[in-house]
file final13.cif (mmCIF, C-alpha atoms)
data_run
loop_
_atom_site.label_atom_id
_atom_site.label_comp_id
_atom_site.auth_asym_id
_atom_site.auth_seq_id
_atom_site.Cartn_x
_atom_site.Cartn_y
_atom_site.Cartn_z
CA MET P 1 5.40 -20.69 22.56
CA GLN P 2 7.80 -18.97 20.14
CA SER P 3 6.28 -16.00 18.35
CA LYS P 4 5.79 -16.14 14.59
CA ARG P 5 8.47 -14.55 12.42
CA VAL P 6 7.40 -12.12 9.68
CA LEU P 7 9.41 -10.45 6.95
CA VAL P 8 8.11 -6.96 6.15
CA THR P 9 9.76 -5.47 3.08
CA GLY P 10 9.59 -1.69 2.86
CA ALA P 11 9.50 -1.57 6.68
CA ALA P 12 10.81 2.02 6.79
CA GLY P 13 8.09 3.08 4.36
CA PHE P 14 4.74 4.60 5.27
CA ILE P 15 2.55 1.47 5.40
CA GLY P 16 5.46 -0.84 6.28
CA PHE P 17 6.23 1.23 9.39
CA HIS P 18 2.64 1.18 10.65
CA LEU P 19 2.25 -2.53 9.89
CA SER P 20 5.50 -3.38 11.69
CA GLN P 21 4.29 -1.48 14.75
CA LYS P 22 0.98 -3.35 14.65
CA LEU P 23 2.64 -6.77 14.31
CA LEU P 24 5.12 -6.06 17.10
CA ALA P 25 2.19 -5.15 19.36
CA GLN P 26 0.69 -8.55 18.44
CA ASP P 27 3.91 -10.27 19.56
CA TYR P 28 5.26 -11.20 16.13
CA GLN P 29 8.98 -11.11 15.52
CA VAL P 30 9.40 -8.60 12.69
CA ILE P 31 12.37 -8.55 10.34
CA GLY P 32 12.23 -5.33 8.35
CA LEU P 33 14.01 -4.98 5.01
CA ASP P 34 14.35 -1.58 3.34
CA ASN P 35 16.87 0.10 1.03
CA LEU P 36 16.25 3.59 2.52
CA ASN P 37 16.38 5.11 -0.98
CA ASP P 38 16.15 8.85 -1.55
CA TYR P 39 12.90 8.91 -3.55
CA TYR P 40 11.75 11.16 -0.71
CA ASP P 41 13.25 12.59 2.51
CA VAL P 42 15.41 9.82 4.02
CA SER P 43 15.27 11.46 7.46
CA LEU P 44 11.55 10.60 7.62
CA LYS P 45 12.35 6.95 6.87
CA LYS P 46 15.04 6.99 9.55
CA ALA P 47 12.62 8.49 12.07
CA ARG P 48 10.17 5.65 11.42
CA LEU P 49 13.01 3.16 11.75
CA LEU P 50 14.19 4.66 15.02
CA ALA P 51 10.70 4.23 16.48
CA LEU P 52 10.62 0.57 15.38
CA GLN P 53 14.08 -0.20 16.73
CA LYS P 54 12.95 0.65 20.25
CA ASN P 55 11.14 -2.69 20.24
CA PRO P 56 13.43 -5.72 20.86
CA GLY P 57 11.22 -7.83 18.59
CA PHE P 58 12.29 -5.81 15.54
CA THR P 59 15.37 -6.55 13.41
CA PHE P 60 16.38 -4.24 10.56
CA LEU P 61 18.22 -5.21 7.38
CA GLN P 62 19.20 -2.65 4.76
CA GLY P 63 19.23 -3.75 1.15
CA ASN P 64 17.47 -3.91 -2.22
CA LEU P 65 14.92 -6.53 -3.23
CA HIS P 66 16.54 -6.77 -6.66
CA ASP P 67 19.76 -7.93 -4.92
CA THR P 68 19.12 -11.65 -5.48
CA PRO P 69 21.88 -13.02 -3.17
CA LEU P 70 20.74 -10.72 -0.34
CA VAL P 71 17.11 -11.86 -0.59
CA GLU P 72 18.15 -15.51 -0.72
CA LYS P 73 20.43 -15.12 2.33
CA THR P 74 17.73 -13.27 4.27
CA PHE P 75 15.23 -16.09 3.74
CA SER P 76 17.86 -18.72 4.51
CA ASP P 77 18.96 -17.01 7.73
CA PHE P 78 15.54 -16.26 9.24
CA LYS P 79 13.13 -19.04 8.16
CA PHE P 80 10.05 -16.82 7.96
CA ASP P 81 6.56 -17.99 8.89
CA TYR P 82 5.00 -15.19 6.85
CA VAL P 83 6.19 -12.68 4.26
CA VAL P 84 4.58 -9.28 3.62
CA ASN P 85 5.93 -7.50 0.56
CA LEU P 86 5.26 -3.76 0.77
CA SER P 87 8.49 -2.69 -0.90
CA ALA P 88 7.93 -0.95 -4.22
CA GLN P 89 8.82 2.08 -6.22
CA ALA P 90 5.78 4.16 -5.38
CA GLY P 91 4.24 7.21 -6.99
CA LEU P 92 2.13 7.30 -10.11
CA ARG P 93 3.49 10.52 -11.59
CA TYR P 94 7.12 9.56 -11.00
CA SER P 95 6.59 6.53 -13.27
CA LEU P 96 6.24 8.95 -16.19
CA GLN P 97 9.78 10.25 -15.60
CA ASN P 98 11.64 7.19 -14.34
CA PRO P 99 10.00 4.00 -15.66
CA HIS P 100 13.09 1.81 -15.21
CA ALA P 101 12.95 2.22 -11.42
CA TYR P 102 9.51 0.58 -11.43
CA VAL P 103 10.60 -2.47 -13.37
CA GLU P 104 13.70 -2.93 -11.21
CA SER P 105 11.91 -2.64 -7.88
CA ASN P 106 8.36 -3.79 -8.59
CA ILE P 107 9.07 -6.60 -11.09
CA GLN P 108 12.63 -7.84 -10.51
CA GLY P 109 12.35 -7.30 -6.75
CA PHE P 110 9.04 -9.15 -6.54
CA LEU P 111 10.41 -12.02 -8.62
CA ASN P 112 13.20 -12.44 -6.05
CA ILE P 113 10.59 -12.61 -3.28
CA LEU P 114 8.62 -15.25 -5.18
CA GLU P 115 11.73 -17.32 -5.86
CA ALA P 116 12.75 -17.14 -2.19
CA CYS P 117 9.25 -18.24 -1.16
CA ARG P 118 9.48 -21.10 -3.66
CA HIS P 119 12.65 -22.43 -2.02
CA HIS P 120 11.98 -21.62 1.65
CA LYS P 121 8.23 -22.24 1.92
CA PRO P 122 6.78 -19.62 4.29
CA ALA P 123 3.16 -20.36 5.18
CA HIS P 124 1.82 -17.29 3.33
CA LEU P 125 2.99 -14.48 1.05
CA VAL P 126 0.94 -11.28 1.34
CA TYR P 127 1.83 -8.47 -1.05
CA ALA P 128 0.75 -4.94 -1.87
CA SER P 129 -1.08 -4.34 -5.09
CA SER P 130 -2.93 -1.07 -5.73
CA SER P 131 -6.32 0.37 -6.60
CA SER P 132 -4.58 1.83 -9.66
CA VAL P 133 -4.91 -1.58 -11.37
CA TYR P 134 -8.57 -0.73 -12.07
CA GLY P 135 -7.28 1.75 -14.64
CA ALA P 136 -9.88 2.53 -17.29
CA ASN P 137 -12.65 0.61 -15.49
CA LYS P 138 -15.77 2.70 -14.90
CA GLN P 139 -18.06 0.24 -13.12
CA MET P 140 -18.33 1.34 -9.48
CA PRO P 141 -17.59 0.23 -6.87
CA PHE P 142 -14.37 -1.46 -7.99
CA SER P 143 -14.56 -5.17 -7.22
CA VAL P 144 -11.75 -7.74 -7.16
CA HIS P 145 -14.05 -9.91 -9.26
CA GLN P 146 -13.84 -7.47 -12.20
CA ASN P 147 -11.42 -7.78 -15.09
CA VAL P 148 -8.50 -5.31 -14.78
CA ASP P 149 -6.70 -5.49 -18.11
CA HIS P 150 -6.59 -1.77 -18.95
CA PRO P 151 -4.04 0.01 -16.72
CA ILE P 152 -3.33 3.65 -17.53
CA SER P 153 0.06 4.05 -15.82
CA LEU P 154 3.24 1.98 -15.70
CA TYR P 155 2.95 1.87 -11.91
CA ALA P 156 -0.47 0.21 -12.27
CA ALA P 157 0.91 -2.18 -14.90
CA THR P 158 3.68 -3.33 -12.53
CA LYS P 159 1.13 -3.96 -9.78
CA LYS P 160 -1.09 -5.96 -12.12
CA SER P 161 2.06 -7.85 -13.14
CA ASN P 162 2.68 -8.71 -9.47
CA GLU P 163 -0.76 -10.28 -9.28
CA LEU P 164 -0.10 -12.35 -12.42
CA MET P 165 3.34 -13.41 -11.20
CA ALA P 166 1.93 -14.41 -7.80
CA HIS P 167 -0.77 -16.49 -9.48
CA THR P 168 1.82 -18.31 -11.57
CA TYR P 169 3.85 -19.23 -8.48
CA SER P 170 0.69 -20.26 -6.62
CA VAL P 171 -0.11 -22.62 -9.51
CA LEU P 172 3.36 -24.01 -10.15
CA PHE P 173 4.74 -24.23 -6.61
CA LYS P 174 1.60 -24.17 -4.43
CA ILE P 175 2.73 -20.98 -2.68
CA PRO P 176 -0.28 -19.39 -0.93
CA THR P 177 -0.39 -15.75 -2.08
CA THR P 178 -2.74 -12.90 -1.21
CA GLY P 179 -2.67 -9.58 -3.08
CA LEU P 180 -4.05 -6.43 -1.47
CA ARG P 181 -5.33 -3.49 -3.48
CA PHE P 182 -4.95 -0.42 -1.28
CA PHE P 183 -7.10 2.66 -1.85
CA ASN P 184 -5.63 6.17 -1.35
CA VAL P 185 -3.87 5.57 1.97
CA TYR P 186 -3.15 8.55 4.23
CA GLY P 187 -2.18 9.21 7.84
CA PRO P 188 0.70 10.12 10.21
CA TYR P 189 4.23 9.53 8.88
CA GLY P 190 2.76 9.63 5.35
CA ARG P 191 4.92 10.10 2.27
CA PRO P 192 5.90 13.67 1.36
CA ASP P 193 4.92 13.06 -2.29
CA MET P 194 1.30 12.33 -1.36
CA ALA P 195 -1.45 14.92 -1.70
CA LEU P 196 -2.26 15.37 2.00
CA PHE P 197 1.39 15.99 2.89
CA ILE P 198 1.94 18.36 -0.05
CA PHE P 199 -1.28 20.27 0.66
CA THR P 200 -0.50 20.64 4.36
CA LYS P 201 3.03 21.91 3.75
CA SER P 202 1.93 24.37 1.07
CA ILE P 203 -1.01 25.76 3.06
CA LEU P 204 1.15 26.34 6.13
CA GLU P 205 3.80 28.07 3.97
CA GLY P 206 1.22 30.21 2.18
CA LYS P 207 2.00 28.60 -1.18
CA PRO P 208 -0.59 27.51 -3.78
CA ILE P 209 -1.73 23.90 -3.96
CA GLU P 210 -2.19 22.21 -7.35
CA VAL P 211 -5.72 20.87 -7.73
CA TYR P 212 -5.98 18.58 -10.74
CA ASN P 213 -9.02 18.13 -12.98
CA HIS P 214 -10.22 21.44 -11.50
CA GLY P 215 -11.07 19.58 -8.28
CA LYS P 216 -13.61 17.30 -9.98
CA MET P 217 -12.29 14.06 -8.48
CA ARG P 218 -13.49 11.63 -5.86
CA ARG P 219 -11.18 9.37 -3.88
CA ASP P 220 -11.75 6.46 -1.51
CA PHE P 221 -9.38 7.88 1.11
CA THR P 222 -8.40 5.14 3.57
CA TYR P 223 -6.74 5.80 6.93
CA VAL P 224 -3.52 3.89 7.47
CA ASP P 225 -4.66 2.20 10.70
CA ASP P 226 -7.54 0.62 8.76
CA ILE P 227 -5.11 -0.60 6.11
CA VAL P 228 -2.80 -2.30 8.62
CA GLU P 229 -5.73 -3.78 10.54
CA GLY P 230 -6.83 -5.45 7.30
CA ILE P 231 -3.31 -6.70 6.53
CA SER P 232 -2.74 -8.07 10.03
CA ARG P 233 -5.99 -10.03 9.90
CA LEU P 234 -5.15 -11.46 6.48
CA ILE P 235 -1.59 -12.61 7.31
CA PRO P 236 -2.73 -15.76 9.19
CA LYS P 237 -5.70 -16.19 6.80
CA VAL P 238 -3.67 -18.36 4.43
CA ALA P 239 -4.96 -18.31 0.84
CA GLU P 240 -6.65 -21.53 -0.28
CA PRO P 241 -7.87 -22.86 -3.63
CA ASN P 242 -11.46 -22.00 -4.52
CA PRO P 243 -13.20 -25.38 -5.00
CA THR P 244 -15.93 -23.79 -7.14
CA TRP P 245 -13.57 -21.92 -9.48
CA ASP P 246 -14.80 -22.34 -13.04
CA ALA P 247 -12.33 -22.19 -15.95
CA TYR P 248 -15.21 -21.34 -18.31
CA HIS P 249 -16.23 -18.37 -16.15
CA PRO P 250 -12.96 -17.49 -14.40
CA ASP P 251 -13.13 -15.36 -11.25
CA PRO P 252 -10.11 -12.98 -11.25
CA ALA P 253 -10.06 -12.76 -7.43
CA THR P 254 -9.67 -16.49 -6.71
CA SER P 255 -8.24 -19.57 -8.38
CA PHE P 256 -7.92 -23.32 -8.45
CA ALA P 257 -4.54 -22.50 -6.86
CA PRO P 258 -4.01 -21.01 -3.35
CA TYR P 259 -4.43 -17.43 -4.57
CA LYS P 260 -6.63 -14.53 -3.41
CA LEU P 261 -7.14 -10.81 -4.01
CA TYR P 262 -8.76 -8.25 -1.70
CA ASN P 263 -9.55 -4.55 -1.78
CA ILE P 264 -8.82 -2.54 1.35
CA GLY P 265 -10.63 0.78 1.08
CA ASN P 266 -12.96 3.01 3.05
CA THR P 267 -15.92 2.44 0.64
CA LYS P 268 -16.91 6.12 0.89
CA PRO P 269 -15.60 8.19 -2.03
CA VAL P 270 -14.94 11.79 -0.98
CA GLU P 271 -14.94 14.87 -3.19
CA LEU P 272 -11.41 16.27 -3.43
CA MET P 273 -12.66 19.78 -2.66
CA TYR P 274 -14.31 18.54 0.56
CA TYR P 275 -11.06 16.79 1.52
CA ILE P 276 -9.23 20.11 1.09
CA GLU P 277 -11.97 21.90 3.06
CA ILE P 278 -11.51 19.55 6.05
CA LEU P 279 -7.75 20.11 5.91
CA GLU P 280 -8.29 23.90 5.87
CA GLN P 281 -10.50 23.58 8.96
CA LYS P 282 -7.91 21.50 10.82
CA LEU P 283 -5.13 23.97 9.94
CA GLY P 284 -7.26 27.07 10.50
CA LYS P 285 -6.01 28.47 7.22
CA LYS P 286 -7.40 28.69 3.67
CA ALA P 287 -5.57 27.14 0.73
CA ILE P 288 -4.54 29.12 -2.34
CA LYS P 289 -5.79 26.83 -5.10
CA ASN P 290 -4.22 26.52 -8.53
CA PHE P 291 -6.75 24.59 -10.65
CA LEU P 292 -5.17 22.43 -13.36
CA PRO P 293 -6.34 19.91 -15.98
CA MET P 294 -6.26 16.15 -15.43
CA GLN P 295 -2.81 14.55 -15.22
CA ASP P 296 -1.79 11.60 -17.40
CA GLY P 297 -2.28 8.29 -15.61
CA GLU P 298 -4.89 9.65 -13.15
CA VAL P 299 -8.50 8.53 -12.78
CA THR P 300 -11.46 10.71 -11.81
CA GLU P 301 -12.84 8.40 -9.12
CA THR P 302 -11.92 5.46 -6.89
CA TYR P 303 -14.48 3.49 -4.91
CA SER P 304 -13.83 0.12 -3.29
CA ASP P 305 -16.00 -2.93 -2.76
CA VAL P 306 -14.70 -4.73 0.36
CA ASP P 307 -17.36 -7.44 0.66
CA ASP P 308 -14.75 -10.22 0.49
CA LEU P 309 -12.70 -8.62 3.26
CA ILE P 310 -15.77 -8.41 5.50
CA LYS P 311 -16.81 -11.99 4.69
CA ASP P 312 -13.38 -13.55 5.24
CA VAL P 313 -11.92 -11.63 8.20
CA GLY P 314 -14.85 -9.64 9.60
CA PHE P 315 -13.33 -6.22 9.02
CA LYS P 316 -14.25 -3.07 7.14
CA PRO P 317 -12.34 0.26 7.19
CA THR P 318 -14.44 2.92 8.93
CA THR P 319 -12.22 5.90 9.90
CA PRO P 320 -13.85 9.08 8.52
CA ILE P 321 -11.61 11.71 6.92
CA GLU P 322 -12.65 14.23 9.56
CA ILE P 323 -10.86 12.05 12.14
CA GLY P 324 -8.02 10.81 9.92
CA ILE P 325 -7.00 14.22 8.57
CA GLY P 326 -7.04 15.59 12.11
CA LYS P 327 -4.64 12.87 13.25
CA PHE P 328 -2.34 13.57 10.31
CA VAL P 329 -2.31 17.30 11.05
CA ASP P 330 -1.57 16.66 14.74
CA TRP P 331 1.36 14.44 13.76
CA TYR P 332 2.66 16.90 11.15
CA LEU P 333 2.65 19.86 13.55
CA ASP P 334 4.36 17.81 16.26
CA TYR P 335 6.95 16.21 13.95
CA TYR P 336 7.99 19.50 12.33
CA LYS P 337 7.62 21.49 15.60
CA ILE P 338 5.07 23.93 14.14
CA LYS P 339 2.81 26.05 16.34
CA LEU P 340 -0.39 27.38 14.81
#
call {"tool": "encode", "arguments": {"input": "final13.cif", "output": "structure tokens"}}
result
Amino acid sequence: MQSKRVLVTGAAGFIGFHLSQKLLAQDYQVIGLDNLNDYYDVSLKKARLLALQKNPGFTFLQGNLHDTPLVEKTFSDFKFDYVVNLSAQAGLRYSLQNPHAYVESNIQGFLNILEACRHHKPAHLVYASSSSVYGANKQMPFSVHQNVDHPISLYAATKKSNELMAHTYSVLFKIPTTGLRFFNVYGPYGRPDMALFIFTKSILEGKPIEVYNHGKMRRDFTYVDDIVEGISRLIPKVAEPNPTWDAYHPDPATSFAPYKLYNIGNTKPVELMYYIEILEQKLGKKAIKNFLPMQDGEVTETYSDVDDLIKDVGFKPTTPIEIGIGKFVDWYLDYYKIKL
């Protein structure tokens, strides 16, 4: 039997790399699309790519999602069974400096994916949203059944827009779409602009780390293997209409169309200072801490409700930070050839 063919956009990115590895191990054919932009160290993206290209089931295409002819040709050439869109301009703080990059990649790029799905009919479109869409919400834990109309960053607004755009295409063209709200993902091959990477580098170099809101933050840190396990289980779980959906009491997480939203998070908010403490233990070195006020666009706490994920695919992220941070540190020391 011929293996299923999956498009993974952002395949040279942090989550895209780990997901591609997981799918290849499950005998999918993976076509990875990535523009290899220089938002962060391109050599790290190339290292991920090199690891993927060792598997004959992986095909790499370089290009931008906002290149409409390229996206159309890619769908036409490969006839995908499934599409997983992880490509995006990432980074909350960067959206304050370069907002146009977010609209180009996260809105225009996603529109091209939706249009290609409209014309080429893959069985399921799965796409990355973000826990940042919860914005000003204070009711914990964050549930996909809550209203999320108050984003506090442009990045979050583009992710919420993706959910709205996907719903529209699910309604108009019956495209099954599933949006995934990831919570504070970390792990080996992580992005250099993410806190764990920045903290590790600074501590090892004896430089201060910037601790926002004076450390008074809690995050639902989720190990990358748990994220990709959730995604891989949801790919063949094709979104279906909710027969009990009520237009007078609309559920934001489901629809009368084939549309679904899920959180993927560890469900155990961790104090930022404890997170730093575990990292210090793993590195055997204390951090020099520079305490700063809250940054624009940040929230004080994230905490996920994953009941729907458990109910529908029987999975819940469980990796504790004590294990996950240790695995990241092991990778970091090996990758950069550092001896403690």
call {"tool": "atom_distance", "arguments": {"input": "final13.cif", "atom1": "atom CA of P:Ala25", "atom2": "atom CA of P:Phe60"}}
result
16.7 Å
call {"tool": "residues_around", "arguments": {"input": "final13.cif", "residues": "P:Trp331", "least_positions_apart": "6", "cutoff": "9 Å", "atoms": "only C-alpha atoms", "output": "mmCIF file with C-alpha atoms, in the frame of the given file"}}
result
data_model
loop_
_atom_site.group_PDB
_atom_site.id
_atom_site.type_symbol
_atom_site.label_atom_id
_atom_site.label_comp_id
_atom_site.auth_asym_id
_atom_site.auth_seq_id
_atom_site.Cartn_x
_atom_site.Cartn_y
_atom_site.Cartn_z
ATOM 1 C CA GLY P 187 -2.180 9.210 7.840
ATOM 2 C CA PRO P 188 0.700 10.120 10.210
ATOM 3 C CA TYR P 189 4.230 9.530 8.880
#
call {"tool": "resolve_selection", "arguments": {"input": "final13.cif", "expression": "the PyMOL selection byres ((chain P and resi 87) around 10)", "output": "list in words"}}
result
Val8, Thr9, Gly10, Ala11, Ala12, Gly13, Ile15, Gly16, Leu33, Asp34, Asn35, Asn64, Leu65, Val84, Asn85, Leu86, Ala88, Gln89, Ala90, Ser105, Asn106, Gly109, Phe110, Tyr127 and Ala128 of chain P
call {"tool": "closest_residue", "arguments": {"input": "final13.cif", "among": "P:Asp307, P:Asp81, P:Pro192, P:Glu280", "to": "P:Asp41", "atoms": "all atoms listed in the file"}}
result
P:Pro192
call {"tool": "resolve_selection", "arguments": {"input": "final13.cif", "expression": "the PyMOL selection byres ((chain P and resi 332) around 10)", "output": "VMD selection string"}}
result
chain P and resid 187 to 190 197 200 to 201 326 to 331 333 to 338
call {"tool": "resolve_selection", "arguments": {"input": "final13.cif", "expression": "the PyMOL selection byres ((chain P and resi 221-230) around 9)", "output": "ChimeraX atom specification"}}
result
/P:14-16,18-20,22,182-188,190,218-220,231-235,264-270,302,309,313,315-321,324-325
call {"tool": "closest_residue", "arguments": {"input": "final13.cif", "among": "P:Lys285, P:Gln108, P:Asn147, P:Leu272", "to": "P:Leu204", "atoms": "all atoms listed in the file"}}
result
P:Lys285
call {"tool": "closest_residue", "arguments": {"input": "final13.cif", "among": "P:Ile113, P:Leu50, P:Val30, P:Val83", "to": "P:Leu70", "atoms": "all atoms listed in the file"}}
result
P:Ile113
call {"tool": "closest_atom_pairs", "arguments": {"input": "final13.cif", "of": "stretch 117-150 of chain P", "to": "stretch 237-244 of chain P", "cutoff": "10 Å", "atoms": "only C-alpha atoms", "output": "JSON lines"}}
result
{"residue": "P:Ala123", "atom": "CA", "partner": "P:Val238", "partner_atom": "CA", "distance": 7.2}
{"residue": "P:His124", "atom": "CA", "partner": "P:Val238", "partner_atom": "CA", "distance": 5.7}
{"residue": "P:Leu125", "atom": "CA", "partner": "P:Val238", "partner_atom": "CA", "distance": 8.4}
{"residue": "P:Val126", "atom": "CA", "partner": "P:Val238", "partner_atom": "CA", "distance": 9.0}
call {"tool": "residues_near_point", "arguments": {"input": "final13.cif", "point": "(-15.3, 3.5, -6.0)", "cutoff": "6 Å", "atoms": "all atoms listed in the file", "output": "mmCIF file with C-alpha atoms, in the frame of the given file"}}
result
data_model
loop_
_atom_site.group_PDB
_atom_site.id
_atom_site.type_symbol
_atom_site.label_atom_id
_atom_site.label_comp_id
_atom_site.auth_asym_id
_atom_site.auth_seq_id
_atom_site.Cartn_x
_atom_site.Cartn_y
_atom_site.Cartn_z
ATOM 1 C CA MET P 140 -18.330 1.340 -9.480
ATOM 2 C CA PRO P 141 -17.590 0.230 -6.870
ATOM 3 C CA PHE P 142 -14.370 -1.460 -7.990
ATOM 4 C CA THR P 302 -11.920 5.460 -6.890
ATOM 5 C CA TYR P 303 -14.480 3.490 -4.910
ATOM 6 C CA SER P 304 -13.830 0.120 -3.290
#
call {"tool": "decode", "arguments": {"input": "final13.cif", "residues": "stretch 287-300 of chain P", "atoms": "N, CA, C and O atoms", "output": "tab-separated table (two decimals), in the first residue's frame"}}
result
chain	number	residue	atom	x	y	z
P	287	ALA	N	22.47	31.80	37.13
P	287	ALA	CA	22.20	32.89	36.19
P	287	ALA	C	22.37	34.24	36.87
P	287	ALA	O	22.05	34.39	38.05
P	288	ILE	N	22.88	35.21	36.12
P	288	ILE	CA	22.87	36.61	36.55
P	288	ILE	C	21.56	37.18	36.04
P	288	ILE	O	21.34	37.24	34.83
P	289	LYS	N	20.68	37.59	36.93
P	289	LYS	CA	19.32	37.96	36.52
P	289	LYS	C	19.15	39.48	36.50
P	289	LYS	O	19.45	40.16	37.47
P	290	ASN	N	18.65	39.96	35.39
P	290	ASN	CA	18.31	41.37	35.23
P	290	ASN	C	16.79	41.48	35.21
P	290	ASN	O	16.15	41.17	34.19
P	291	PHE	N	16.19	41.87	36.32
P	291	PHE	CA	14.72	41.91	36.43
P	291	PHE	C	14.18	43.16	35.75
P	291	PHE	O	14.65	44.28	36.01
P	292	LEU	N	13.18	42.95	34.89
P	292	LEU	CA	12.61	44.05	34.09
P	292	LEU	C	11.09	44.05	34.20
P	292	LEU	O	10.48	43.04	34.56
P	293	PRO	N	10.45	45.18	33.85
P	293	PRO	CA	8.98	45.22	33.86
P	293	PRO	C	8.39	44.38	32.72
P	293	PRO	O	9.11	43.91	31.84
P	294	MET	N	7.08	44.23	32.75
P	294	MET	CA	6.36	43.46	31.73
P	294	MET	C	6.55	44.07	30.35
P	294	MET	O	6.55	45.30	30.21
P	295	GLN	N	6.70	43.22	29.36
P	295	GLN	CA	6.82	43.68	27.96
P	295	GLN	C	5.44	43.84	27.33
P	295	GLN	O	4.50	43.09	27.66
P	296	ASP	N	5.31	44.78	26.41
P	296	ASP	CA	4.07	44.91	25.64
P	296	ASP	C	3.78	43.61	24.91
P	296	ASP	O	4.68	42.98	24.34
P	297	GLY	N	2.50	43.23	24.92
P	297	GLY	CA	2.08	42.04	24.17
P	297	GLY	C	2.21	40.74	24.94
P	297	GLY	O	1.77	39.70	24.48
P	298	GLU	N	2.82	40.78	26.14
P	298	GLU	CA	2.99	39.57	26.96
P	298	GLU	C	1.80	39.38	27.90
P	298	GLU	O	1.08	40.32	28.22
P	299	VAL	N	1.62	38.15	28.36
P	299	VAL	CA	0.61	37.86	29.37
P	299	VAL	C	1.32	37.28	30.60
P	299	VAL	O	2.43	36.75	30.49
P	300	THR	N	0.69	37.36	31.76
P	300	THR	CA	1.33	36.90	32.98
P	300	THR	C	1.26	35.39	33.16
P	300	THR	O	2.09	34.80	33.85
